[in-house]
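Structure file start.cif (mmCIF, C-alpha atoms) is printed below.
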```cif
data_coords
#
loop_
_atom_site.label_atom_id
_atom_site.label_comp_id
_atom_site.auth_asym_id
_atom_site.auth_seq_id
_atom_site.Cartn_x
_atom_site.Cartn_y
_atom_site.Cartn_z
CA MET A 121 28.74 -49.11 67.63
CA LYS A 122 27.74 -50.56 64.29
CA ASP A 123 25.78 -53.55 65.57
CA GLY A 124 24.53 -51.89 68.75
CA LYS A 125 26.96 -53.69 71.05
CA VAL A 126 30.37 -52.11 71.65
CA SER A 127 31.26 -54.02 74.79
CA ASP A 128 29.46 -55.69 77.66
CA ALA A 129 29.16 -52.31 79.39
CA LEU A 130 28.04 -50.22 76.38
CA GLU A 131 24.89 -50.91 74.38
CA LEU A 132 23.22 -48.88 71.63
CA ARG A 133 19.66 -49.65 70.59
CA ARG A 134 16.73 -48.05 68.80
CA ALA A 135 13.98 -46.63 70.96
CA ILE A 136 10.46 -48.03 71.09
CA ALA A 137 7.25 -46.36 72.26
CA ALA A 138 7.75 -47.61 75.83
CA ASP A 139 11.01 -45.58 76.03
CA ALA A 140 9.27 -42.18 75.77
CA ALA A 141 9.22 -41.55 79.54
CA SER A 142 12.92 -42.41 79.90
CA ILE A 143 13.77 -40.18 76.95
CA ARG A 144 11.79 -37.30 78.47
CA LYS A 145 13.51 -37.75 81.86
CA LEU A 146 17.04 -37.89 80.43
CA THR A 147 16.42 -34.90 78.15
CA ARG A 148 15.02 -32.78 80.99
CA GLU A 149 18.04 -33.63 83.17
CA ALA A 150 20.53 -32.95 80.37
CA TYR A 151 19.10 -29.58 79.37
CA ALA A 152 18.24 -28.23 82.86
CA LYS A 153 21.63 -26.50 83.11
CA TRP A 154 20.66 -24.20 80.24
CA ILE A 155 17.54 -22.71 81.88
CA PRO A 156 19.48 -19.98 83.75
CA ILE A 157 21.49 -19.20 80.59
CA ILE A 158 18.51 -18.61 78.27
CA GLY A 159 15.80 -17.79 80.83
CA ARG A 160 13.42 -20.56 79.77
CA GLU A 161 13.29 -24.29 79.23
CA PRO A 162 15.12 -25.25 76.03
CA GLN A 163 12.87 -26.67 73.32
CA PRO A 164 13.90 -30.32 73.92
CA MET A 165 12.61 -30.06 77.49
CA THR A 166 9.10 -29.28 76.26
CA ALA A 167 8.84 -31.78 73.38
CA ASP A 168 6.13 -34.43 73.22
CA TYR A 169 8.27 -37.57 73.30
CA ASP A 170 5.33 -39.95 72.99
CA GLU A 171 4.73 -38.45 69.54
CA ALA A 172 8.42 -37.94 68.70
CA VAL A 173 9.28 -41.61 69.32
CA ARG A 174 6.55 -42.57 66.84
CA LYS A 175 7.77 -40.15 64.17
CA HIS A 176 11.55 -39.90 64.60
CA ARG A 177 14.49 -42.22 65.10
CA PHE A 178 15.98 -42.32 68.59
CA ASP A 179 19.17 -44.23 69.32
CA LEU A 180 19.68 -44.86 73.03
CA LEU A 181 23.09 -45.42 74.58
CA TYR A 182 23.16 -47.54 77.72
CA ILE A 183 26.16 -47.87 80.02
CA GLU A 184 26.00 -50.90 82.31
CA GLY A 185 22.23 -51.02 81.80
CA LYS A 186 21.60 -47.32 82.57
CA LEU A 187 20.36 -44.89 79.91
CA ALA A 188 23.30 -42.51 79.51
CA ALA A 189 22.66 -40.64 76.25
CA LEU A 190 20.45 -40.41 73.20
CA ILE A 191 20.32 -38.97 69.73
CA GLU A 192 17.14 -38.12 67.82
CA THR A 193 17.28 -37.89 64.04
CA ILE A 194 14.77 -37.02 61.32
CA PRO A 195 15.27 -37.88 57.65
CA LYS A 196 14.54 -34.92 55.37
CA ALA A 197 14.45 -34.77 51.57
CA ASP A 198 18.18 -34.11 51.14
CA HIS A 199 19.79 -34.49 54.58
CA LEU A 200 19.52 -36.10 58.00
CA LEU A 201 18.51 -33.64 60.71
CA ILE A 202 20.01 -34.22 64.14
CA GLU A 203 17.14 -32.94 66.25
CA ASN A 204 18.44 -33.70 69.72
CA VAL A 205 21.58 -35.01 71.41
CA ALA A 206 21.27 -35.42 75.17
CA VAL A 207 23.73 -36.90 77.65
CA SER A 208 22.80 -37.54 81.26
CA PRO A 209 24.72 -35.14 83.54
CA SER A 210 26.43 -38.08 85.29
CA PHE A 211 27.80 -39.29 81.93
CA GLN A 212 28.79 -35.95 80.40
CA ARG A 213 32.35 -35.10 79.31
CA ARG A 214 33.18 -38.73 78.44
CA GLY A 215 32.75 -38.51 74.66
CA PHE A 216 29.32 -40.14 74.46
CA GLY A 217 27.79 -37.17 72.61
CA ARG A 218 30.60 -37.32 70.04
CA LYS A 219 30.07 -41.09 69.67
CA LEU A 220 26.38 -40.56 69.00
CA MET A 221 27.10 -37.80 66.49
CA ALA A 222 29.45 -40.17 64.62
CA HIS A 223 26.77 -42.86 64.77
CA ALA A 224 24.18 -40.47 63.25
CA GLU A 225 26.59 -39.52 60.48
CA GLU A 226 27.19 -43.21 59.73
CA ALA A 227 23.43 -43.81 59.64
CA ALA A 228 23.01 -40.82 57.30
CA ARG A 229 25.62 -42.20 54.91
CA ALA A 230 24.02 -45.66 55.03
CA SER A 231 20.69 -44.04 54.06
CA GLY A 232 22.29 -42.24 51.12
CA PHE A 233 22.43 -38.76 52.62
CA ARG A 234 25.40 -36.56 51.83
CA GLU A 235 24.77 -34.06 54.63
CA THR A 236 23.73 -33.84 58.27
CA ARG A 237 22.26 -30.70 59.78
CA LEU A 238 21.48 -29.51 63.27
CA TYR A 239 20.61 -26.35 65.14
CA THR A 240 21.38 -25.11 68.61
CA ASN A 241 21.01 -22.00 70.73
CA LYS A 242 23.80 -19.48 70.18
CA LEU A 243 24.18 -19.15 73.96
CA PHE A 244 25.12 -22.86 74.11
CA ALA A 245 28.59 -21.73 73.04
CA GLY A 246 30.31 -24.93 74.17
CA ASN A 247 27.98 -26.95 71.95
CA VAL A 248 28.62 -24.69 68.96
CA ARG A 249 32.38 -25.12 69.45
CA LEU A 250 32.00 -28.90 69.79
CA TYR A 251 30.02 -29.12 66.55
CA GLU A 252 32.64 -26.98 64.78
CA ARG A 253 35.38 -29.34 66.03
CA LEU A 254 33.33 -32.23 64.62
CA GLY A 255 33.38 -30.59 61.18
CA TYR A 256 30.10 -28.67 61.21
CA ARG A 257 29.92 -25.18 59.75
CA VAL A 258 27.56 -22.36 60.64
CA ASP A 259 25.10 -21.86 57.79
CA ARG A 260 22.93 -19.15 59.29
CA GLU A 261 21.56 -17.65 62.45
CA GLU A 262 17.96 -16.66 63.09
CA GLU A 263 15.92 -15.25 65.93
CA PHE A 264 14.09 -17.91 67.91
CA LYS A 265 12.00 -17.48 71.08
CA GLY A 266 13.88 -14.37 72.20
CA GLY A 267 17.29 -15.82 71.36
CA VAL A 268 19.30 -16.88 68.34
CA ALA A 269 19.27 -20.31 66.73
CA VAL A 270 22.50 -21.35 65.01
CA HIS A 271 21.90 -23.65 62.01
CA MET A 272 24.87 -25.86 61.16
CA SER A 273 25.65 -28.56 58.60
CA LYS A 274 28.31 -31.08 57.70
CA SER A 275 29.02 -32.63 54.30
CA LEU A 276 29.53 -36.37 54.52
#
```
What's the structure tokens form of this structure?
Amino acid sequence: MKDGKVSDALELRRAIAADAASIRKLTREAYAKWIPIIGREPQPMTADYDEAVRKHRFDLLYIEGKLAALIETIPKADHLLIENVAVSPSFQRRGFGRKLMAHAEEAARASGFRETRLYTNKLFAGNVRLYERLGYRVDREEEFKGGVAVHMSKSL
């Protein structure tokens, strides 16, 4: 995915302001399954994507011209924060989230970062396990909006 084009069917590109509505739609679809688990909309469902696209980096993964997944990253002083990874329900369980995580780690290295960080809801147990399989470790847990946020990091 280095140059954005993996094959004719797969394309990765940076988001622009006009992508905010598509980002919002995909994120709402991807996170909807968690509402019954945590009793509220997860934070990514309520974000202001018009503002986020202006301030953060979004890499969008298209499959045969359809937005399938995205990753949102934010450079911090000493690490790259992975703010959001969302995969459209019709494209889940195909490894696209893992591909985007690897892409973010590559981008972090290219920017001189030695660490990536992320956080997720403790009740998203499958996500926590996935991140652990990808080499992330749990740094801490903290209360967040009636639940528990799990903060994780990976040395690059």
Exercise. Could you pull out every residue with an atom within 12 Å of (18.9, -33.9, 86.2), file coordinates, counting only C-alpha atoms, and send them as a PyMOL selection string?
Key: chain A and resi 144-154+165+188+206-212
Self-check item: Among listed residues A:Ala140, A:Leu181, A:Leu276, A:Leu130, nearest A:Glu226 (using all atoms listed in the file)
Solution: A:Leu276
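Computed from the coordinates, the atom CA of A:Glu192 to atom CA of A:Tyr169 distance equals 10.4 Å.
For the structure in this document, the set picked by the PyMOL selection byres ((chain A and resi 200) around 7) is A:Thr193, A:Ile194, A:Pro195, A:Lys196, A:His199, A:Leu201, A:Ile202, A:Ala228, A:Phe233, A:Glu235, A:Thr236, A:Arg237.
Across A:Ser142, A:Thr166, A:Asn204, A:Ser231, the tightest approach to A:Gly217 is made by A:Asn204 when counting all atoms listed in the file.
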Quiz prompt | Point (15.9, -46.3, 70.2), cut-off 9 Å, counting all atoms listed in the file, residues as a list in words | solution = Leu132, Arg133, Arg134, Ala135, Ile136, Ala137, Asp139, Val173, Arg177, Phe178, Asp179, Leu180, Leu181, Leu190, Ile191 and Glu192 of chain A
File of the preceding selection, C-alpha atoms, as a PDB file, keeping the file's coordinate frame:
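Result file follows (selection.pdb):
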```
ATOM      1  CA  LEU A 132      23.220 -48.880  71.630  1.00  0.00           C
ATOM      2  CA  ARG A 133      19.660 -49.650  70.590  1.00  0.00           C
ATOM      3  CA  ARG A 134      16.730 -48.050  68.800  1.00  0.00           C
ATOM      4  CA  ALA A 135      13.980 -46.630  70.960  1.00  0.00           C
ATOM      5  CA  ILE A 136      10.460 -48.030  71.090  1.00  0.00           C
ATOM      6  CA  ALA A 137       7.250 -46.360  72.260  1.00  0.00           C
ATOM      7  CA  ASP A 139      11.010 -45.580  76.030  1.00  0.00           C
ATOM      8  CA  VAL A 173       9.280 -41.610  69.320  1.00  0.00           C
ATOM      9  CA  ARG A 177      14.490 -42.220  65.100  1.00  0.00           C
ATOM     10  CA  PHE A 178      15.980 -42.320  68.590  1.00  0.00           C
ATOM     11  CA  ASP A 179      19.170 -44.230  69.320  1.00  0.00           C
ATOM     12  CA  LEU A 180      19.680 -44.860  73.030  1.00  0.00           C
ATOM     13  CA  LEU A 181      23.090 -45.420  74.580  1.00  0.00           C
ATOM     14  CA  LEU A 190      20.450 -40.410  73.200  1.00  0.00           C
ATOM     15  CA  ILE A 191      20.320 -38.970  69.730  1.00  0.00           C
ATOM     16  CA  GLU A 192      17.140 -38.120  67.820  1.00  0.00           C
TER      17      GLU A 192
END
```
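Closest approach to A:Tyr182 among A:Phe216, A:Glu131, A:Gly232, A:Gly267: A:Glu131, based on only C-alpha atoms.
Here atom CA of A:Ala172 is placed at a distance of 28.4 Å from atom CA of A:Arg253.
The two atoms in question, atom CA of A:His271 and atom CA of A:Asp259, are spaced 5.6 Å apart.
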Exercise. Mind checking which residues fall within 10 Å of stretch 242-251 of chain A, counting all atoms listed in the file, ignoring those fewer than 4 positions away in the same chain, and posting them as a VMD selection string?
Key: chain A and resid 154 157 to 158 217 to 218 221 238 255 to 258 261 to 263 267 to 274
Return as lines of an AutoDock Vina configuration file the box centre and box size in Å, one decimal, for an axis-aligned box around all listed atoms of stretch 192-201 of chain A padded by 8 Å per side.
```
center_x = 17.1
center_y = -35.9
center_z = 59.5
size_x = 21.3
size_y = 20.5
size_z = 32.7
```
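Using only C-alpha atoms for every distance, the candidate list A:Ser275, A:Lys265, A:Ala197, A:Leu187 yields A:Ser275 as the residue closest to A:Glu225.
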Quiz prompt | Nearest residue to A:Glu171 from the set A:Ile143, A:Arg260, A:Arg229, A:Ala224 (distances using all atoms listed in the file) | solution = A:Ile143
